[in-house]
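One structure below.
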Amino acid sequence: MELLEAFVLTVITAATPLLLAATGELVTERAGVLNLGVEGMMLAGAVCAFAAAVTTGSPTLGILAAMVAGVTMAAIFAFFALFLVTNQVATGLALTLFGLGVSGMLGASFVGEPGVKLAAIHLPGLSELPLVGRILFGQDPLVYVSFIILLGVSFLLKRSHIGLVVRAVGDNHHSAHALGYNVLMIRVAAVLFGGLCAGLGGAYLSLVYTPQWTEGMTAGRGWIAVALVVFSSWIPGRLLVGAYLFGAVTLLQFHLQAVGVPIPSQFLSALPYAATVIVLVVISRNRRLLRTHTPAMLGSTFVPDK
Amino acid sequence: MSDGRDEPLLSVSSITKRFGELTANDDIHFEIDRGEIHALLGENGAGKSTLVKILYGSLQPDGGQIRWQGRPVSVSNPAVARRLGIGMVFQHFSLFDALTVTENIALALPKRPRLQVLARDIARVSEEYGLPLNPMAQIHDLSVGQRQRVEIVRCLLQDPQLIIMDEPTSVLTPQEADDLFVTLRRLSGEGRSILYISHRLREVKELCSHVTILRHGKLISTCDPQEETSESLARLMVGNEIRDIRTSVANIAEKRVLLSVRGVSLSADEQFDVALQDISFDVCAGEVCAIAGIAGNGQSELFDALSGERTVENNRIYIDGNDAGAKGINERRKIGAAFVAEERLGHGTAPQETLSLNVLLTQARMNGNGIRGPFIDYGEAAEAKDRICKSFDVRKSSADPRAYELSGGNLQKFVVGREFNRAPKLLVINQPTWGVDAGASAHIRQSLIDLARAGAAVVVISQDLDEIFEIADRVAVLSRGKLTPFTSSRETSRETLGLLLGGAREGEAASAA
Amino acid sequence: MRLELVKRSAEARFLVFASPFIAIAITVLVGAIFFAAIGVDPGRGVYVFFIEPISAWWSIEQLLAKATPLILIGAGLSLCFLSNNWNIGAEGQFIAGALAGSILPVVFYQFEGPLVLPLMLVMGFAGGAFYGLVPAALKTRFGASEILTSLMLVYIAQLFLDWMVRGPWRDPASFGFPKTRTFNDAAVVPTVGPFDIHAGLLIALVASIILFVFLKRTLKGFEVRISGTAPRAATFAGVSNRNMVLFVFAVSGGLAGLAGIIEVAGVAKKLQPVISPGYGFAAIIVAFLGRLNPLGVVFAALLLALTYLGGEAAQLELNVTDKVTRVIQGVVLFAILACDTFILHRVRLVRRGK
C-alpha cells in the first residue's frame, strides 16, 4: 500500500511539469503555431522561479516570476515568428538556445543554493485519509493548477466561442481572415498562453521536483512536451494520459535502480527519450488519424494579402 | 409572385468594369424580379464572375448603377450586400474542415449565436429546404454536395432576398443537382430571387425563367430559355462565327500508335475528388488528339496517370509499344515522351531557379542540354535555353532570369519549347494556353500542330473550345471521370461539344448535331 | 497607426548578400546592450567578447580548432535544410561518429601504422551517417517528425557515450577519472605543413568546398535545392522524395560523425563523458548564418567559434559566466532570421481607417 502510494505520488510529481508545458503548447498549436522553444521557456520559468523564491523567501512570488518569464520568452517568439513571419522551426530553436543561455546566466549565482520548496496543501481530515489522502488532497498547489488549466482548456476549446475561433484559425487561416478575424492577434494570444504554462512547468521543476537550480535542469522535458502534444492528437484529454504515462516511464528508471535491476543507469535514464521516439512512430503510422487531427495550418506562415 | 410593387428586385444598368486594358464588363443591363430564377450564362472569361463580384460588393464598378428594390444603392463591401439582403454561395467554399457544420456557420454569422440554438435552427432550415444536414457532422466528412449545402444554409440563415449561386452544379452529381433544383424552386416560390451562374445549358433551360448571356464582357442577349433550344443558347453563348477549323490534314496513313491507354481507372486523391473510370484511347503518330473538359472532371488525374506521377498496373498504358504504366516519369521520358503540366510555376518549373537550370528539370537525367554525367554544364544549359527562347520567342528582361520573373505567356512558351527541344515522340500537354495572351497562344498552338505533322503524337487536355477546334484532329470529352469516344473534329460542332461539356449525355448531343 | 508586413514583388537582392553582415552588426549591438544591462562597460564587453579572441596568434589557433567541427557539421546541415529536412540531431550524430571512429584506438589499441587514422575517419563518418539515417528512416517509413526524433536521439547518444566511457571503455589506468585510454600516436589527427595547421581544419575546408561544388555544379545538388523550394517541380523532375531524405541525412550525419572523430582524435585524444560544448546545435546557427551555402558556412563557423572564445574570455576578464556564449548564439540566430524576412517583405506604416 505504501509502496503504491509512493509510486503514485512520484508519478504525479514527474508528470505535472510535462502536463503544464504540454497544455500550453497544445493551445499554441491548435491556433496553427509550432513553438519549439518550450524547453527554453521552461528553463526561463525555472530559473526565475528559483531566483525569486530564494531572494524573497516566497515560493508564490517565484511562481509569479515564472509566469512573467514564460510570457516574456513567448513574446520574443511571437515577435519573430508571427510578426516578422520567420521560419517557425528555426525561431523555436533560437528561443531554446537563448533560453538555455539566459537561464544559465541568471542561475549561475544560484547553483548549489538550497531552494525554497513549495508547500503541499493540507486539508485537515481529508489529507490524512489512507491511500487517497495525500494523493488527492495533499499535493502542492501547482498540481491542482495543472488540472484546472487542462480542464479549462478542454472546456474552452470545445464549447466556447474563443475556443472555436482559435480552432478555426489553426484550421484555415485564409478562411478565418476572410471572415474578418484577426489571425495575428489570436495567434499571439495563444503563444503567450503557451509561454505562461511553460513557465509554470519550469517553476514546478525548481520549486517542487528538485528544489534547486541546475543548469539545463529541464533535461529535454520541453521537447517531450512537444512530442506529447503530437501523441495526444491535439486532444486535451489524451494529453493527460500521455503526461502521466511519461511520468510513469520517468519514474520507472528510479524505481528500477532502487530495486537493483542490473541495467546501467544511463540506459534507464534514456527510457523517456526512447519512449518518445517509439510513441511518435506509433502515432505517425496512422496517417489518416494524424491528418484529420493535425491543425492544418500548423507551422505555416501567414501574411494577409492586401 | 407579386407583392403589389411592379419594380424589379434588382436592376442593373450600364455596369462597366475595366482591369487595365481588359474590359471585363461592358455596359451590362439586366433585371431580376422577385421570385425569379435568373441565369447568367457565358463561357470562361465572359465576365460573369466580375459582374457578380460587383453585385456582392467585392469589387466596385467603374460605371453604371445598381438599383435595389427601386432605390439606387452602392454595394461597397460584402457586409453591405448582406445587410441589403443579397446572399452569395461561392464556387470555392471557405469552410473549416476540422469543425462541425454548426461551428462553421456560427463563425460566419455576424451575431454570436448559442451553438445549441443554432444547431436546431440549422436542422430546421436544412430540412425545410430539402438540404438535410447533420449539424454535428465535421466538414471533412462531407461530400462536396453536402459542403455546398452548408454554404447555402449559412446564406439562408441570414434571410436573403436575392441568392447568387456561382456554378453550383459543377461539383455535384446529377442526383445532387436535382435535389438542389427542388430547393431552388422552393426558395423562388417563397418570393426569393436567385441569380444562377452557369455554363450548363440543360440546367438553365430546366430551371430558369430568364437568362442573360454574356460573351467577351458584353451583353449578348436576355431571353426566356423556355423559348430557346439548347442549340440556340449554345450558339448565343459561344458565338456564331464559323471559324476556319484547320488547314492541314493529318496524314495518318501509317496508323502507328504511339500512345495506347487501356482501361485506366484511378481512385481519387482526396476523398471526394473525381476518379478516372475505365479510360481507353489510342493516339497515332501525326495527329493531335484533344480531350475537352471543364476543370474538375478528372483532367489532373488523367495527366498524372499519363505522365507517370501516378503509376498504374501493367498492360494499361503503352508508349511507343513499351508497357509504361508502372514506370515513373523519367523512364517515360526516356522512351520519348514529354509532358507539360497545367501549373507552370511550381510544377512545370522551379520558380526561384533560372531558366537554364529549369531546362534540366525534364531531361530525365540524360546527357545533353546541360547534363554531363552527374555534372551540370552551365554553358550547354544556357545554349539550350537560348535555343528554346529563340525558337519560341520568349521575351525576358535579362539573359537568364528566374522562372517567376517571366510573364505567364512567355513562361508557357518556354515550358512548351523546353519539351520541343527534346524532340519527343509523344507530347501530353495540359491546358496549353490557359492564362496566356493571344500572341503566345497562337505560337504555341501552331507549334503543336507542326510537331504532330512532323510525326509525333500530341495529346492536348483543354477546356478551351476555340483552341480545340483550331488544333485538334480528333476530340473527346472527359466528364466526371469518363471519356466519350473520339470523333473527328470536323465532324463535330461547337454546339455538340458545348452540350457534352455541359453534361448532356451522348445520345442527346448526337441527335442535336 | 500601426506597422504592417507586406510582401515584396521581387526579392531584395542587396539583402541576399548583406543580411549575414547586418545580422552580425545587430548581434554586436544587442551584445553591447546586454553587457550594459548586466553591469559591464559595453565597449569593453564587446571588445573582450568579439575582438580579443582574434587578436593573438594562439587564440586564432583556438578559433580555427573550434571552427573545424562547426564547418563540417554546418556544411552538412545546409544540405538538409535546403531540402526542407530538419536535422536537429547533429549533436547526436557527432557523438555517434566519435564513438564509431574510436573503436580502433580504444578497443584495438595495438594497431599502429598509417592506415589507422584514415580508417578511423571513415568509421566516424559511417557511424554518424548510420545514426542520421535513423530519424530519416522513421520519417520516410512512418512519417514521424524528424525534428523530434533526431533530437531525442541526441539525449540517447549522450547517455550511451557516458555509459561507454564509464563502463566498457573505461581506461583501466585512469584511477577514477572517467575516460578511455589515450589514443596512440597513430590515431591522432596531426598538424600539417609549415604553419602547423590542424589537419582537421583542412579536411573541413575540403569538405565544404566539395559540398559547394556539389550544390552548384551537380544535378543532384540542384535536385536537393528544388526539393526544398519547389517540391512539386522536384517530383516532376523524377526526384524521389524518400531517397532525398535518406541521402541528406546520411551526408549530414556522416559529416557530423566525421567532425566528432576529428574532434576527439585531434584535441582530447581520448573519449570523455562530454565531448562537445553543443557543436551540433551551434552548427544549426552556422548553417543559417552562412545562408545555407557551404562556403558561407566557413565564415559563419568562424563567427560562432568566436562566440565560444568570447565566452571564455568574458569569464576570465569580466567575471561574466561563459553562458553568455549561448545567449549571443541565440541572438545571432534571431537576427539572421529577421534579416532574411526582409529579403521577401518590407514594413509599411498604416494609418487607421483604410
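By order of appearance in the C-alpha cells: chains A, B, ..., then residues from 1 within every chain, and ligands from 1 in the order shown.
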Next on the checklist: For the structure I just gave you, how does DSSP split stretch 38-282 of chain C - specifically, which residues are strand (DSSP E)? Reply as a PyMOL selection string.
Outcome noted: chain C and resi 191-192+197-198
Those same residues, written as a JSON list (two decimals), in the first residue's frame with C-alpha atoms?
[["chain", "number", "residue", "atom", "x", "y", "z"],
["C", 191, "THR", "CA", 49.03, 19.14, -37.65],
["C", 192, "VAL", "CA", 50.32, 19.65, -41.13],
["C", 197, "ILE", "CA", 47.63, 23.72, -39.27],
["C", 198, "HIS", "CA", 45.39, 21.14, -37.78]]
Item to check | DSSP alpha helix (DSSP H) residues within stretch 144-271 of chain A, as a ChimeraX atom specification | outcome: /A:144-159,161-171,173-178,183-204,221-231,236-259,265-269,271
Next on the checklist: When you look at B:Gly435 with a cut-off of 12 Å (counting only C-alpha atoms), what residues show up, excluding the ones that are within fewer than 6 positions of it in the same chain? I need them as a VMD selection string.
Outcome noted: chain B and resid 44 to 45 342 to 344 407 to 413 441 463 to 464
Checklist entry - Excluding same-chain residues fewer than 6 positions from C:Leu5, what lies within 8 Å of it counting only C-alpha atoms, as a list in words? => result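 Result of the neighbour search: Phe83, Leu84 and Val303 of chain A; His345, Arg346, Val347 and Arg348 of chain C.
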Go ahead and write the residues just picked, C-alpha atoms, as a compact mmCIF listing (two decimals), in the first residue's frame.
# COMPACT_ATOMS: atom_id res chain seq x y z
CA PHE A 83 5.01 39.48 -36.82
CA LEU A 84 8.21 39.03 -38.81
CA VAL A 303 0.83 37.25 -44.35
CA HIS C 345 8.98 41.51 -47.18
CA ARG C 346 9.02 45.11 -46.15
CA VAL C 347 7.43 47.04 -43.35
CA ARG C 348 4.78 49.63 -44.02
Report as a CSV table (one decimal) with N, CA and C atoms, in the first residue's frame the set of chain B residues whose atoms approach chain A to within 8 Å, with distances computed over only C-alpha atoms.
chain,number,residue,atom,x,y,z
B,94,SER,N,-15.4,28.7,-48.4
B,94,SER,CA,-14.4,29.0,-47.3
B,94,SER,C,-14.9,28.4,-46.0
B,95,LEU,N,-14.6,27.1,-45.9
B,95,LEU,CA,-15.1,26.3,-44.7
B,95,LEU,C,-13.9,25.8,-43.9
B,96,PHE,N,-14.2,25.4,-42.8
B,96,PHE,CA,-13.1,24.8,-41.9
B,96,PHE,C,-13.3,23.3,-41.8
B,97,ASP,N,-12.4,22.6,-42.3
B,97,ASP,CA,-12.5,21.2,-42.4
B,97,ASP,C,-12.7,20.5,-41.1
B,98,ALA,N,-12.0,20.9,-40.1
B,98,ALA,CA,-12.0,20.1,-38.9
B,98,ALA,C,-13.1,20.5,-37.9
B,99,LEU,N,-13.9,21.5,-38.3
B,99,LEU,CA,-15.0,21.9,-37.5
B,99,LEU,C,-16.4,21.4,-37.9
B,103,GLU,N,-20.5,24.8,-36.1
B,103,GLU,CA,-19.4,25.7,-35.8
B,103,GLU,C,-19.0,26.6,-37.0
B,107,LEU,N,-19.3,30.8,-37.1
B,107,LEU,CA,-18.2,31.7,-37.3
B,107,LEU,C,-18.5,32.7,-38.3
B,108,ALA,N,-19.5,32.4,-39.2
B,108,ALA,CA,-19.7,33.4,-40.3
B,108,ALA,C,-20.9,34.3,-40.0
Next on the checklist: Excluding B:Leu219 and its own-chain neighbours fewer than 5 positions away, which residues fall within 7 Å of it when counting only C-alpha atoms? Please give them as a PyMOL selection string.
Outcome noted: chain B and resi 28+213-214
Go ahead and save the residues from that selection, with C-alpha atoms, as an mmCIF file, in the first residue's frame.
data_model
loop_
_atom_site.group_PDB
_atom_site.id
_atom_site.type_symbol
_atom_site.label_atom_id
_atom_site.label_comp_id
_atom_site.auth_asym_id
_atom_site.auth_seq_id
_atom_site.Cartn_x
_atom_site.Cartn_y
_atom_site.Cartn_z
ATOM 1 C CA ILE B 28 -24.298 45.455 -68.832
ATOM 2 C CA ILE B 213 -25.942 35.843 -71.848
ATOM 3 C CA LEU B 214 -22.504 37.407 -71.735
#
B:Leu51 environment, 7 Å, only C-alpha atoms, sequence neighbours closer than 4 positions dropped, as a PDB file with C-alpha atoms, in the first residue's frame:
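Final output, saved to result.pdb:
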ATOM      1  CA  ASN B  25     -17.875  44.168 -68.107  1.00  0.00           C
ATOM      2  CA  GLY B  47     -17.287  38.453 -67.434  1.00  0.00           C
ATOM      3  CA  LEU B  55     -23.169  42.782 -57.114  1.00  0.00           C
TER       4      LEU B  55
END
Find the nearest atom pair between each residue of chain C and chain A for residues within 7 Å, count only C-alpha atoms, give distances in Å to one decimal, sort rows by chain and ascending number, and present the table as CSV.
residue,atom,partner,partner_atom,distance
C:Leu138,CA,A:Val281,CA,6.9
C:Phe142,CA,A:Arg285,CA,5.0
C:Gly143,CA,A:Ser284,CA,5.6
C:Ala144,CA,A:Ser284,CA,5.3
C:Leu148,CA,A:Ala227,CA,6.8
C:Thr149,CA,A:Val277,CA,5.5
C:Met152,CA,A:Tyr273,CA,5.3
C:Tyr155,CA,A:Tyr273,CA,6.9
C:Ile156,CA,A:Ala270,CA,5.5
C:Leu159,CA,A:Gln266,CA,5.3
C:Phe160,CA,A:Gln266,CA,6.7
C:Trp163,CA,A:Gln266,CA,6.0
C:Thr321,CA,A:Met105,CA,6.3
C:Lys323,CA,A:Gly101,CA,5.3
C:Val324,CA,A:Gly101,CA,6.1
C:Arg326,CA,A:Gly101,CA,4.4
C:Val327,CA,A:Gly101,CA,4.5
C:Gly330,CA,A:Phe98,CA,4.5
C:Val331,CA,A:Phe98,CA,7.0
C:Leu333,CA,A:Ala94,CA,5.8
C:Phe334,CA,A:Ala94,CA,6.2
C:Leu337,CA,A:Thr86,CA,5.9
C:Ala338,CA,A:Thr86,CA,6.4
C:Thr341,CA,A:Thr86,CA,6.1
Written file, previous selection with N, CA and C atoms, as a short mmCIF file (atom, residue, chain, number, x, y, z; two decimals), in the first residue's frame:
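Generated file (part-v7.cif):
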data_model
loop_
_atom_site.label_atom_id
_atom_site.label_comp_id
_atom_site.auth_asym_id
_atom_site.auth_seq_id
_atom_site.Cartn_x
_atom_site.Cartn_y
_atom_site.Cartn_z
N LEU C 138 12.74 6.77 -40.06
CA LEU C 138 11.48 6.91 -39.33
C LEU C 138 10.57 7.91 -40.04
N PHE C 142 7.53 5.95 -41.57
CA PHE C 142 6.38 6.11 -40.68
C PHE C 142 5.83 7.53 -40.65
N GLY C 143 6.53 8.46 -41.30
CA GLY C 143 6.05 9.82 -41.26
C GLY C 143 6.29 10.52 -39.95
N ALA C 144 7.20 9.98 -39.12
CA ALA C 144 7.45 10.61 -37.82
C ALA C 144 8.30 11.87 -38.01
N LEU C 148 11.69 15.96 -33.88
CA LEU C 148 11.62 15.38 -32.55
C LEU C 148 12.44 14.10 -32.44
N THR C 149 12.38 13.26 -33.45
CA THR C 149 13.13 12.00 -33.33
C THR C 149 14.63 12.25 -33.30
N MET C 152 15.58 13.55 -29.85
CA MET C 152 15.56 12.53 -28.80
C MET C 152 16.80 11.66 -28.89
N TYR C 155 19.85 12.92 -26.91
CA TYR C 155 19.92 12.55 -25.49
C TYR C 155 20.36 11.11 -25.33
N ILE C 156 19.83 10.25 -26.21
CA ILE C 156 20.19 8.85 -26.12
C ILE C 156 21.68 8.66 -26.41
N LEU C 159 23.79 9.77 -23.43
CA LEU C 159 23.77 8.81 -22.34
C LEU C 159 24.59 7.57 -22.69
N PHE C 160 24.50 7.17 -23.93
CA PHE C 160 25.27 5.99 -24.34
C PHE C 160 26.77 6.25 -24.22
N TRP C 163 27.85 6.08 -20.68
CA TRP C 163 27.96 4.71 -20.23
C TRP C 163 29.24 4.05 -20.74
N THR C 321 29.80 34.93 -16.55
CA THR C 321 29.77 33.50 -16.83
C THR C 321 29.84 33.20 -18.32
N LYS C 323 28.22 31.32 -19.93
CA LYS C 323 26.91 31.04 -20.53
C LYS C 323 26.51 32.13 -21.50
N VAL C 324 27.19 33.26 -21.40
CA VAL C 324 26.85 34.36 -22.30
C VAL C 324 27.02 33.94 -23.76
N ARG C 326 25.95 31.16 -25.17
CA ARG C 326 24.68 30.65 -25.68
C ARG C 326 23.71 31.79 -25.97
N VAL C 327 23.73 32.78 -25.09
CA VAL C 327 22.83 33.92 -25.30
C VAL C 327 23.15 34.60 -26.62
N GLY C 330 22.05 32.57 -29.56
CA GLY C 330 20.61 32.70 -29.80
C GLY C 330 20.29 34.00 -30.50
N VAL C 331 20.97 35.07 -30.07
CA VAL C 331 20.72 36.37 -30.70
C VAL C 331 21.12 36.33 -32.17
N LEU C 333 21.03 33.85 -34.22
CA LEU C 333 20.00 33.16 -34.99
C LEU C 333 18.76 34.02 -35.18
N PHE C 334 18.32 34.67 -34.09
CA PHE C 334 17.17 35.57 -34.23
C PHE C 334 17.45 36.63 -35.28
N LEU C 337 17.47 35.35 -38.90
CA LEU C 337 16.12 35.02 -39.33
C LEU C 337 15.33 36.28 -39.66
N ALA C 338 15.48 37.29 -38.79
CA ALA C 338 14.75 38.53 -39.02
C ALA C 338 15.25 39.20 -40.30
N THR C 341 13.82 37.71 -43.37
CA THR C 341 12.43 38.07 -43.65
C THR C 341 12.36 39.27 -44.56
#
